Amino acid sequence: MTDPNSIRNIVVAAHIDHGKSTLADRILVLTGAVNARDMRDQFLDSMDLERERGITIKAAAVRLNYKADDGKDYVINLIDTPGHVDFTYEVSRALEACEGAVLLVDASQGIEAQTLANLHLAIEADLEIIPVVNKIDLPAAQPEKVALEIQRVLGCSHDEIVFTSGKTGDGVKELLEAVVKRVPPPKGDPTAALRALIFDSTYDAYRGVVSYIRVVDGSLRKRSLVRMMATGAHHEVEEVGVMSPAVKPVNELGVGEVGYLISGIKEIGEAKVGDTVTDATHPAREPLPGYREPKPMVYAGLYPISGEDYPALRDALEKLQLNDAALTFEPETSRALGFGFRVGFLGLLHMEITRERLEREFNLSLVTTAPNVAYRVFLTDGEEMTVRNPSEMPAPEKIERIEEPQVSVLMLTPKEYVGPLMDLCQSRRGVLDGMHYIGEDRVELRYRLPLAEIIFDFFDQLKSRSRGYASLDYEPIGYQPAQLVKVDILLHGEPVDAFSAIRHKDKAAVYGRQMAEKLRQLIPRQMFDVPVQAAIGARIIARETIKAKRKDVLAKCYGGDITRKRKLLEKQKEGKRKMKQIGSVEVPQEAFIAALQVGEESPKP
Amino acid sequence: MSAFGIYVHVPFCSALCPYCDFAVVVGRKDVHKRYCEALLAEAASHVGAPAASSLFIGGGTPTVLDPELLRGTVDRIRELLPLGDGAEITVEANPESVTDAGVRTLVAVGVNRVSIGAQSFTPHVLLALGRAHSVEQAANAVASARAAGIENMSLDLIYGGPGESMQDWTDSLARALEMEPDHISAYALTIEERTPFGKAVARGSMQEPEQDDLAAKYEIAAEMLDGAGLHHYEISNWARPGFESRHNLLYWTQGEYLGLGIGAHSHRNGVRWWNTRALTRYLTDPANARDGEERLSDGDRAEEWLLLRMRLVDGVALAEAAAHLGRDVRDAAEACEASGLVTLDDDRLCLTPRGMLLENEVTLRLLSA
């Protein structure tokens with residue numbers, strides 16, 4: 001066990017590309033954790049999938065020994081945070097495991113929305129913040145200008161800012177000194193019942209769940225019996241240890257220490273991020289504060305392009321779920337797309353990552369329906385329900401009101417793009433929450449927006465309207481009633497489930513017209529006129545007609561080349577087999593897929 | 001005499017038509033003679049074939065050959081592969097290559113049917129189709145053929161060419177009828193991938209003919225040609241009674257035929273095969289010109305039978321279809337009848353005018369029943 005007074009637990013919070021990995025590498029070398037000769041680029045990142053002693057270890061936390069200028073030996077635990085907006089809760093748990101935060105800002109880019117969001121979380125977690133201007137070696141670096149920005153948002157003095165270069169190693173020593181001097185040592189009661197915070201968990205095929213923990217009170221010993229306070233799971237501790245960065249089992253972790261725990265848990269859902277590990281025989285009375293069930297915010301239907309892949313998709317989702325407690329899915333059936341799953345995600349990036357992994361790691365070709373949020377629907381009979389798939393929305397006359405999730409959006413932008421960004425937010429039903437300058441020419445904009453309005457192409461729009469300079473962060477802030485309606489798309493009078501959408505009443509007609517028009521273009525002509533309608537309940541708000549097919553054969557006989565005619569027929573027969581039948585209308589699946597993809601590009605407001 | 005056909009492909013043309021997908025060669029007068037010798041060598045390798053009920057000399061443009069060369073070639077093919085009595089002997093001709101003397105030569109070797117590639121009687125459409133002849137030349141070609149004693153004269157027409165209005169097409173039909181042909185084939189312009197038109201469409205510099213326009217033009221054709229007493233006997237063919245093309249009927253009835261020359265198709269003893277489209281290879285070894293073949297399974301053969309037979313105006317008897325396909329198609333046929341695509345009088349399945357435009361759909365429905 002280590003004396004808590006010599007421990008410093010810190011996170012490095014940074015916007016993507018601001019040099020976190022390179023700086024971390026430098027720290028590893030400087031503290032002797034890694035021999036300079038063995039140093040590879042971005043050592044911590046590449047650690048993720050490395051197998052040591054049969055455990056897949058993630059560089060969730062690294063323990064470093066540092067001899068400070070005061071002559072004393074310190075242990076610095078460097079805790080990693082997931083770098084994205086969808087994982088705000090996970091970030092907040094990682095911060096909770098620390099006493100200090102290094103706020104890393106690129107000397108040429110300045111503060112970004114994500115930096116600011118992390119900063120606010122760090123302030124809320126009451127951490128000592130050490131601001132760092134990094135990449136000072138860059139020709140485009142403006143360290144003093146960025147320092148001024150930092151002083152403004154943090155209210156600190158110039159002296160408190162450390163200037164570093166991960167590339168040259170300049171300032172890294174000063175940074176470690178600042179950590180030792182300014183970050184307080186962990187406080188905790190070594191004699192109290194064990195309380196350890198899980199700030200990350202991964203799944204290993206051989207060892208089961210590996211949890212990354214910070215001991216708050218008491219101590220965690222090998223072979224002891226532990227209980228997860230939120231889930232109630234209890235297990236014997238098989239192994240505890242630290243990563244320095246090589247995996248090193250220890251007998252015990254005491255107050256303030258950070259390490260990993262393996263206890264034979266087979267499902268990641270039993271060791272969730274934010275849960276408190278306690279001693280099963282002498283449990284703590286209260287868990288650590290702040291635990292939350294991971295709750296999906298965004299839903300989409302995932303369908304295999306070829307129906308035979310359905311079992312493979314289910315297996316793949318189950319495998320991903322082993323490592324991702326926030327991923328939820330349940331089977332659903334679409335008349336247009338066949339068998340698939342309604343999958344819940346923490347946010348857009350989470351959806352993007354999951355989809356990409358399914359396609360890349362599991363070789364699946366997927367159709368993703370337009371994403372939607374979960375709506376709370378209050379019915380006239382007093383019942384309340386949650387709607388995760390627009391096609392499940394009850395008829396309008398049964399609905400008393402609908403509530404939708406709101407988010408607080410934080411944008412940082414050069415001042416010249418404030419106008420275009422405000423226009424964007426206005427067109428997305430946004431309410432301005434505040435705006436102020438954080439430097440001479442950079443502005444922090446805060447808006448309240450319905451989550452549904454940002455899950456389409458908001459990010460792309462933000463980037464294009466600011467020429468790539470604006471950055472974004474958002475967090476959920478609860479539900480609010482809204483004038484929402486379900487728009488159904490009817491093909492020859494039959495609703496096509498995959499295209500039902502929930503829209504604000506003022507935007508319903510636009511969606512209906514666009515979708516009807518798209519389908520008219522994409523669906524091949526049938527033997528009869530086929531109306532394509534958009535409807536709210538029984539009210540038709542848009543109508544297009546797919547004109548009846550008039551001719552399919554007039555070609556000549558090609559000097560007796562009957563083979564060619566027959567092959568054409570074979571092809572058409574094959575095509576007919578692949579048609580989806582919607583009522584009496586035959587639609588090739590490609591038409592639905594194309595319509596969904598066009599939908600993703602999204603309506604211009 | 002049972003029906004058997006011989007097709008002779010003459011690939012030479014004076015100009016390339018941008019829609020044409022046949023094996024054609026522009027110019028090359030230098031190899032005309034060698035090509036005709038190669039045709040004879042190929043014909044010699046088939047000695048012993050049944051007596052033919054039809055001989056069709058197509059192209060390309062057979063009439064660009066020197067009349068004497070053409071005459072000699074036809075003569076000698078007939079020696080190697082004899083024709084039955086009263087055989088239909090057709091030569092395809094483009095208007096600009098028809099001369100009085102030329103047609104007389106053809107008649108002398110027994111040609112009794114001429115099919116003139118008039119295509120259109122509207123000058124700007126002819127131009128857009130890349131045709132080398134004028135409207136007058138087409139009229140003169142018809143006159144020459146008649147003067148030489150041709151009693152079975154057919155005109156080929158194409159509708160849906162670039163820039164053709166509904167009125168243009170109506171005028172073309174009227175002009176064609178004025179020439180009192182015995183037979184008319186009217187084909188919708190079809191864009192084939194490997195042709196200049198196909199490439200233009202792929203590039204986006206040309207619009208594919210619009211199906212509603214083609215359908216309307218087809219209906220106009222049916223109305224005017226029927227009105228002029230020409231019998232609509234196949235989807236794209238009309239004839240005075242008794243003047244139906246015996247050779248082309250072979251194609252629609254799964255009949256047997258032997259094709260000579262580059263790109264020619266044959267069908268004998270259950271095998272369909274086709275010759276190389278490469279001129280040099282053909283000239284080098286005409287007796288081994290076969291480039292590919294297929295032998296159909298019974299199931300494929302039955303489906304092909306239906307696909308082809310349905311094109312004929314007298315259709316198929318339900319019992320006959322059931323015998324071929326090995327299952328009853330009455331339900332599917334009745335569904336087609338309800339959609340106005342076929343008639344089912346006396347249990348005979350025949351396309352309606354609307355069904356003729358949608359024959360593929362009808363066939364697919366019957367086959368997927």
# chains A, B, ... in the order shown; residues from 1 in each chain; ligands from 1
$ interface_residues --of "chain B" --to "chain A" --cutoff "7 Å" --atoms "only C-alpha atoms" --output "PDB file with N, CA, C and O atoms, in the first residue's frame"
ATOM      1  N   TYR B 187     -39.933  -0.997 -84.541  1.00  0.00           N
ATOM      2  CA  TYR B 187     -39.211  -1.247 -83.299  1.00  0.00           C
ATOM      3  C   TYR B 187     -38.992   0.037 -82.533  1.00  0.00           C
ATOM      4  O   TYR B 187     -38.671   1.071 -83.107  1.00  0.00           O
ATOM      5  N   ALA B 188     -39.127  -0.062 -81.226  1.00  0.00           N
ATOM      6  CA  ALA B 188     -38.777   1.079 -80.379  1.00  0.00           C
ATOM      7  C   ALA B 188     -37.256   1.201 -80.352  1.00  0.00           C
ATOM      8  O   ALA B 188     -36.559   0.193 -80.311  1.00  0.00           O
ATOM      9  N   THR B 190     -33.963   1.107 -79.019  1.00  0.00           N
ATOM     10  CA  THR B 190     -33.454   0.507 -77.787  1.00  0.00           C
ATOM     11  C   THR B 190     -31.998   0.920 -77.636  1.00  0.00           C
ATOM     12  O   THR B 190     -31.222   0.803 -78.583  1.00  0.00           O
ATOM     13  N   GLN B 211     -40.266   6.164 -71.722  1.00  0.00           N
ATOM     14  CA  GLN B 211     -41.168   5.027 -71.949  1.00  0.00           C
ATOM     15  C   GLN B 211     -42.601   5.430 -72.285  1.00  0.00           C
ATOM     16  O   GLN B 211     -43.265   4.755 -73.070  1.00  0.00           O
ATOM     17  N   ASP B 212     -43.065   6.538 -71.734  1.00  0.00           N
ATOM     18  CA  ASP B 212     -44.435   6.963 -72.061  1.00  0.00           C
ATOM     19  C   ASP B 212     -44.538   7.380 -73.524  1.00  0.00           C
ATOM     20  O   ASP B 212     -45.536   7.125 -74.200  1.00  0.00           O
ATOM     21  N   ALA B 215     -44.482   4.246 -75.594  1.00  0.00           N
ATOM     22  CA  ALA B 215     -45.760   3.534 -75.487  1.00  0.00           C
ATOM     23  C   ALA B 215     -46.814   4.220 -76.356  1.00  0.00           C
ATOM     24  O   ALA B 215     -47.573   3.565 -77.083  1.00  0.00           O
ATOM     25  N   SER B 236     -44.053  -6.584 -82.554  1.00  0.00           N
ATOM     26  CA  SER B 236     -43.505  -5.486 -83.349  1.00  0.00           C
ATOM     27  C   SER B 236     -43.693  -5.663 -84.853  1.00  0.00           C
ATOM     28  O   SER B 236     -43.046  -4.971 -85.634  1.00  0.00           O
ATOM     29  N   TYR B 251     -37.948 -17.767 -85.012  1.00  0.00           N
ATOM     30  CA  TYR B 251     -37.370 -17.288 -83.761  1.00  0.00           C
ATOM     31  C   TYR B 251     -38.382 -17.355 -82.626  1.00  0.00           C
ATOM     32  O   TYR B 251     -38.054 -17.689 -81.504  1.00  0.00           O
ATOM     33  N   HIS B 265     -26.269 -16.270 -84.942  1.00  0.00           N
ATOM     34  CA  HIS B 265     -26.780 -17.216 -83.941  1.00  0.00           C
ATOM     35  C   HIS B 265     -27.447 -18.401 -84.615  1.00  0.00           C
ATOM     36  O   HIS B 265     -28.099 -18.234 -85.646  1.00  0.00           O
ATOM     37  N   GLU B 304     -38.541 -20.315 -71.837  1.00  0.00           N
ATOM     38  CA  GLU B 304     -38.220 -19.628 -73.086  1.00  0.00           C
ATOM     39  C   GLU B 304     -39.377 -19.757 -74.078  1.00  0.00           C
ATOM     40  O   GLU B 304     -39.736 -18.797 -74.748  1.00  0.00           O
ATOM     41  N   LEU B 357     -47.428  -4.261 -74.695  1.00  0.00           N
ATOM     42  CA  LEU B 357     -46.392  -3.334 -74.220  1.00  0.00           C
ATOM     43  C   LEU B 357     -45.736  -3.835 -72.942  1.00  0.00           C
ATOM     44  O   LEU B 357     -44.686  -3.350 -72.551  1.00  0.00           O
ATOM     45  N   LEU B 358     -46.400  -4.771 -72.288  1.00  0.00           N
ATOM     46  CA  LEU B 358     -45.908  -5.219 -70.987  1.00  0.00           C
ATOM     47  C   LEU B 358     -45.708  -6.730 -70.971  1.00  0.00           C
ATOM     48  O   LEU B 358     -45.959  -7.397 -69.985  1.00  0.00           O
ATOM     49  N   GLU B 359     -45.217  -7.256 -72.102  1.00  0.00           N
ATOM     50  CA  GLU B 359     -45.101  -8.702 -72.219  1.00  0.00           C
ATOM     51  C   GLU B 359     -44.180  -9.306 -71.164  1.00  0.00           C
ATOM     52  O   GLU B 359     -44.437 -10.373 -70.637  1.00  0.00           O
ATOM     53  N   ASN B 360     -43.108  -8.608 -70.854  1.00  0.00           N
ATOM     54  CA  ASN B 360     -42.191  -9.140 -69.836  1.00  0.00           C
ATOM     55  C   ASN B 360     -42.903  -9.344 -68.514  1.00  0.00           C
ATOM     56  O   ASN B 360     -42.738 -10.362 -67.861  1.00  0.00           O
ATOM     57  N   LEU B 364     -43.335 -12.793 -66.590  1.00  0.00           N
ATOM     58  CA  LEU B 364     -42.813 -12.946 -65.230  1.00  0.00           C
ATOM     59  C   LEU B 364     -43.907 -13.398 -64.273  1.00  0.00           C
ATOM     60  O   LEU B 364     -43.687 -14.243 -63.425  1.00  0.00           O
TER      61      LEU B 364
END
$ select_by_dssp --residues "stretch 98-261 of chain A" --states "helix (DSSP H, G or I)" --output "number ranges by chain"
A: 113-124, 143-154, 158-160, 172-182
$ residues_around --residues "A:Asp275" --least-positions-apart "2" --cutoff "9 Å" --atoms "only C-alpha atoms" --output "PyMOL selection string"
chain A and resi 196-199+228-231+271-273+277+287-288+290-292
$ write_last_selection --atoms "C-alpha atoms" --output "JSON list (two decimals), in the first residue's frame"
[["chain", "number", "residue", "atom", "x", "y", "z"],
["A", 196, "ALA", "CA", -13.99, 1.96, -4.59],
["A", 197, "LEU", "CA", -15.29, 3.75, -7.65],
["A", 198, "ILE", "CA", -15.48, 1.91, -10.99],
["A", 199, "PHE", "CA", -14.50, 4.45, -13.64],
["A", 228, "MET", "CA", -21.24, -4.02, -6.53],
["A", 229, "MET", "CA", -23.58, -1.70, -4.69],
["A", 230, "ALA", "CA", -25.79, -0.70, -7.60],
["A", 231, "THR", "CA", -26.20, -4.09, -9.26],
["A", 271, "ALA", "CA", -19.79, -3.89, -13.12],
["A", 272, "LYS", "CA", -21.03, -0.64, -14.54],
["A", 273, "VAL", "CA", -19.13, 2.59, -14.70],
["A", 277, "VAL", "CA", -17.28, -1.69, -5.04],
["A", 287, "PRO", "CA", -22.46, 4.09, -2.10],
["A", 288, "LEU", "CA", -20.34, 6.85, -3.61],
["A", 290, "GLY", "CA", -23.37, 10.12, -8.67],
["A", 291, "TYR", "CA", -24.11, 6.65, -10.06],
["A", 292, "ARG", "CA", -26.36, 6.66, -13.11]]
$ residues_around --residues "B:Gln207" --least-positions-apart "3" --cutoff "12 Å" --atoms "only C-alpha atoms" --output "list in words"
Gly160, Gly161, Pro162, Gly163, Leu189, Thr190, Ile191, Phe197, Gly198, Lys199, Ala200, Val201, Ala202, Arg203, Gly204, Glu210 and Gln211 of chain B
$ closest_residue --among "B:Leu55, B:Val31, B:Leu341, B:Leu225" --to "B:Ala239" --atoms "only C-alpha atoms"
B:Leu225
$ closest_residue --among "B:Gly315, B:Val107, B:Cys336, B:Ser185" --to "B:Arg71" --atoms "only C-alpha atoms"
B:Val107
$ atom_distance --atom1 "atom CA of A:Pro495" --atom2 "atom CA of A:Ser584"
12.3 Å
$ select_by_dssp --residues "stretch 305-503 of chain A" --states "strand (DSSP E or B)" --output "PyMOL selection string"
chain A and resi 328-334+338-345+366-368+372-373+375-379+384-387+399-414+431-437+442-450+471-482+484-491+494-495+501-503
$ write_last_selection --atoms "C-alpha atoms" --output "compact mmCIF listing (two decimals), in the first residue's frame"
# COMPACT_ATOMS: atom_id res chain seq x y z
CA THR A 328 -29.08 -1.64 -25.92
CA PHE A 329 -30.96 -3.49 -28.63
CA GLU A 330 -34.17 -5.33 -29.22
CA PRO A 331 -35.46 -7.16 -32.28
CA GLU A 332 -37.91 -5.37 -34.53
CA THR A 333 -39.51 -6.11 -37.86
CA SER A 334 -39.98 -3.68 -40.67
CA GLY A 338 -37.25 -7.14 -42.94
CA PHE A 339 -35.83 -8.34 -39.62
CA GLY A 340 -33.50 -6.10 -37.68
CA PHE A 341 -32.91 -4.43 -34.34
CA ARG A 342 -33.83 -1.17 -32.72
CA VAL A 343 -30.54 -0.13 -31.18
CA GLY A 344 -30.08 2.51 -28.49
CA PHE A 345 -26.97 4.68 -28.35
CA LEU A 366 -26.19 -2.74 -42.80
CA VAL A 367 -29.02 -0.36 -43.46
CA THR A 368 -29.48 2.21 -40.73
CA ASN A 372 -34.59 9.27 -33.61
CA VAL A 373 -34.81 10.12 -29.92
CA TYR A 375 -40.25 10.34 -26.74
CA ARG A 376 -42.37 10.37 -23.61
CA VAL A 377 -45.97 10.12 -24.64
CA PHE A 378 -48.79 10.95 -22.25
CA LEU A 379 -52.06 9.41 -23.34
CA GLU A 384 -47.59 7.10 -20.10
CA MET A 385 -45.34 5.37 -22.62
CA THR A 386 -41.89 5.71 -24.16
CA VAL A 387 -41.71 5.64 -27.94
CA ILE A 399 -52.29 11.55 -27.23
CA GLU A 400 -52.60 14.16 -24.55
CA ARG A 401 -49.07 15.46 -24.97
CA ILE A 402 -45.59 14.43 -26.12
CA GLU A 403 -42.32 15.34 -24.44
CA GLU A 404 -38.95 15.20 -26.09
CA PRO A 405 -35.40 15.27 -24.74
CA GLN A 406 -33.61 18.60 -24.65
CA VAL A 407 -29.90 19.19 -24.70
CA SER A 408 -27.75 22.07 -23.70
CA VAL A 409 -25.39 22.75 -26.55
CA LEU A 410 -22.12 24.55 -26.16
CA MET A 411 -20.41 25.91 -29.23
CA LEU A 412 -17.11 27.73 -29.50
CA THR A 413 -16.57 29.71 -32.64
CA PRO A 414 -14.54 32.53 -34.12
CA VAL A 431 -33.35 28.89 -27.47
CA LEU A 432 -30.34 31.05 -26.78
CA ASP A 433 -29.01 30.46 -23.27
CA GLY A 434 -26.03 32.74 -23.30
CA MET A 435 -23.19 34.09 -25.30
CA HIS A 436 -19.88 35.55 -24.28
CA TYR A 437 -16.39 36.20 -25.52
CA ARG A 442 -13.74 33.75 -29.90
CA VAL A 443 -17.22 33.32 -28.66
CA GLU A 444 -18.93 30.77 -26.47
CA LEU A 445 -22.52 30.20 -27.54
CA ARG A 446 -24.98 28.24 -25.45
CA TYR A 447 -28.29 27.01 -26.75
CA ARG A 448 -31.06 24.78 -25.55
CA LEU A 449 -32.16 22.53 -28.39
CA PRO A 450 -34.35 19.48 -28.84
CA SER A 471 -16.56 23.06 -32.10
CA LEU A 472 -19.45 21.49 -30.28
CA ASP A 473 -20.34 19.78 -27.05
CA TYR A 474 -23.73 18.92 -25.64
CA GLU A 475 -25.36 17.39 -22.62
CA PRO A 476 -28.88 16.20 -21.93
CA ILE A 477 -31.00 18.43 -19.68
CA GLY A 478 -34.28 16.57 -19.45
CA TYR A 479 -37.60 16.44 -21.23
CA GLN A 480 -39.90 19.18 -22.41
CA PRO A 481 -43.33 19.15 -24.05
CA ALA A 482 -43.38 20.01 -27.73
CA LEU A 484 -44.85 17.03 -32.25
CA VAL A 485 -46.66 14.94 -34.80
CA LYS A 486 -46.02 11.65 -36.45
CA VAL A 487 -45.75 11.78 -40.21
CA ASP A 488 -46.54 8.51 -41.98
CA ILE A 489 -45.57 7.78 -45.52
CA LEU A 490 -48.17 5.75 -47.36
CA LEU A 491 -47.57 3.75 -50.47
CA GLU A 494 -50.20 1.30 -46.87
CA PRO A 495 -47.87 2.91 -44.31
CA ALA A 501 -40.97 10.12 -38.54
CA ILE A 502 -41.77 12.38 -35.64
CA ARG A 503 -41.44 16.03 -36.49
$ atom_distance --atom1 "atom CA of B:His124" --atom2 "atom CA of B:Asn94"
17.6 Å
$ atom_distance --atom1 "atom CA of A:Arg355" --atom2 "atom CA of A:Lys518"
24.8 Å
$ closest_residue --among "B:Ala38, B:Ile150, B:Ala101, B:Ala49" --to "B:Leu81" --atoms "only C-alpha atoms"
B:Ala49
$ residues_around --residues "A:Asp200" --least-positions-apart "3" --cutoff "12 Å" --atoms "only C-alpha atoms" --output "ChimeraX atom specification"
/A:57-61,79-82,87,89-97,196-197,203,209-214,258-261,268-269,271-276,323-325
$ closest_residue --among "B:Val313, B:Val25, B:Val271, B:Leu283" --to "B:Leu249" --atoms "only C-alpha atoms"
B:Val313
$ residues_around --residues "A:Ile161" --least-positions-apart "2" --cutoff "10 Å" --atoms "only C-alpha atoms" --output "list in words"
Leu103, Ile129, Ile130, Pro131, Val132, Val133, Ala147, Leu148, Ile150, Gln151, Cys156, Ser157, His158, Asp159, Phe163, Thr164, Leu175 and Ala178 of chain A
$ write_last_selection --atoms "N, CA and C atoms" --output "PDB file, in the first residue's frame"
ATOM      1  N   LEU A 103      -5.495  20.545 -17.936  1.00  0.00           N
ATOM      2  CA  LEU A 103      -6.327  21.015 -19.036  1.00  0.00           C
ATOM      3  C   LEU A 103      -5.411  21.422 -20.181  1.00  0.00           C
ATOM      4  N   ILE A 129      -7.152  22.477 -11.085  1.00  0.00           N
ATOM      5  CA  ILE A 129      -6.934  22.493 -12.530  1.00  0.00           C
ATOM      6  C   ILE A 129      -5.581  23.100 -12.867  1.00  0.00           C
ATOM      7  N   ILE A 130      -4.823  22.357 -13.650  1.00  0.00           N
ATOM      8  CA  ILE A 130      -3.528  22.871 -14.104  1.00  0.00           C
ATOM      9  C   ILE A 130      -3.627  23.122 -15.596  1.00  0.00           C
ATOM     10  N   PRO A 131      -3.746  24.402 -15.986  1.00  0.00           N
ATOM     11  CA  PRO A 131      -3.864  24.709 -17.409  1.00  0.00           C
ATOM     12  C   PRO A 131      -2.511  24.579 -18.110  1.00  0.00           C
ATOM     13  N   VAL A 132      -2.531  23.972 -19.284  1.00  0.00           N
ATOM     14  CA  VAL A 132      -1.300  23.773 -20.036  1.00  0.00           C
ATOM     15  C   VAL A 132      -1.502  24.237 -21.472  1.00  0.00           C
ATOM     16  N   VAL A 133      -0.563  25.038 -21.951  1.00  0.00           N
ATOM     17  CA  VAL A 133      -0.560  25.383 -23.373  1.00  0.00           C
ATOM     18  C   VAL A 133       0.455  24.458 -24.030  1.00  0.00           C
ATOM     19  N   ALA A 147      -2.938  31.662 -23.836  1.00  0.00           N
ATOM     20  CA  ALA A 147      -2.840  31.818 -22.378  1.00  0.00           C
ATOM     21  C   ALA A 147      -3.885  32.820 -21.892  1.00  0.00           C
ATOM     22  N   LEU A 148      -4.085  33.863 -22.705  1.00  0.00           N
ATOM     23  CA  LEU A 148      -5.068  34.886 -22.338  1.00  0.00           C
ATOM     24  C   LEU A 148      -6.482  34.300 -22.325  1.00  0.00           C
ATOM     25  N   ILE A 150      -7.212  31.254 -21.735  1.00  0.00           N
ATOM     26  CA  ILE A 150      -7.295  30.383 -20.562  1.00  0.00           C
ATOM     27  C   ILE A 150      -7.543  31.215 -19.293  1.00  0.00           C
ATOM     28  N   GLN A 151      -6.806  32.319 -19.195  1.00  0.00           N
ATOM     29  CA  GLN A 151      -6.987  33.166 -18.015  1.00  0.00           C
ATOM     30  C   GLN A 151      -8.421  33.650 -17.904  1.00  0.00           C
ATOM     31  N   CYS A 156      -7.616  32.422 -13.817  1.00  0.00           N
ATOM     32  CA  CYS A 156      -6.327  32.160 -13.161  1.00  0.00           C
ATOM     33  C   CYS A 156      -5.318  33.220 -13.575  1.00  0.00           C
ATOM     34  N   SER A 157      -4.146  33.158 -12.971  1.00  0.00           N
ATOM     35  CA  SER A 157      -3.103  34.109 -13.350  1.00  0.00           C
ATOM     36  C   SER A 157      -2.180  33.459 -14.365  1.00  0.00           C
ATOM     37  N   HIS A 158      -1.400  34.294 -15.031  1.00  0.00           N
ATOM     38  CA  HIS A 158      -0.484  33.802 -16.063  1.00  0.00           C
ATOM     39  C   HIS A 158       0.512  32.803 -15.477  1.00  0.00           C
ATOM     40  N   ASP A 159       0.925  33.023 -14.226  1.00  0.00           N
ATOM     41  CA  ASP A 159       1.928  32.156 -13.592  1.00  0.00           C
ATOM     42  C   ASP A 159       1.448  30.716 -13.448  1.00  0.00           C
ATOM     43  N   PHE A 163       3.688  25.858 -19.934  1.00  0.00           N
ATOM     44  CA  PHE A 163       3.861  25.805 -21.392  1.00  0.00           C
ATOM     45  C   PHE A 163       4.684  24.579 -21.740  1.00  0.00           C
ATOM     46  N   THR A 164       4.141  23.744 -22.622  1.00  0.00           N
ATOM     47  CA  THR A 164       4.842  22.489 -22.927  1.00  0.00           C
ATOM     48  C   THR A 164       4.893  22.223 -24.425  1.00  0.00           C
ATOM     49  N   LEU A 175       5.578  20.627 -15.616  1.00  0.00           N
ATOM     50  CA  LEU A 175       4.200  20.163 -15.453  1.00  0.00           C
ATOM     51  C   LEU A 175       4.108  19.176 -14.289  1.00  0.00           C
ATOM     52  N   ALA A 178       4.330  20.903 -11.050  1.00  0.00           N
ATOM     53  CA  ALA A 178       3.074  21.592 -10.720  1.00  0.00           C
ATOM     54  C   ALA A 178       2.049  20.599 -10.191  1.00  0.00           C
TER      55      ALA A 178
END
$ residues_around --residues "stretch 168-174 of chain A" --least-positions-apart "5" --cutoff "7 Å" --atoms "only C-alpha atoms" --output "short mmCIF file (atom, residue, chain, number, x, y, z; two decimals) with N, CA and C atoms, in the first residue's frame"
data_model
loop_
_atom_site.label_atom_id
_atom_site.label_comp_id
_atom_site.auth_asym_id
_atom_site.auth_seq_id
_atom_site.Cartn_x
_atom_site.Cartn_y
_atom_site.Cartn_z
N ARG A 26 5.68 11.44 -23.40
CA ARG A 26 6.82 12.16 -22.81
C ARG A 26 6.88 11.94 -21.30
N ILE A 27 5.72 11.96 -20.68
CA ILE A 27 5.66 11.78 -19.23
C ILE A 27 6.13 10.37 -18.86
N VAL A 162 1.21 26.33 -17.48
CA VAL A 162 2.45 25.66 -17.85
C VAL A 162 2.51 25.60 -19.37
N PHE A 163 3.69 25.86 -19.93
CA PHE A 163 3.86 25.80 -21.39
C PHE A 163 4.68 24.58 -21.74
#
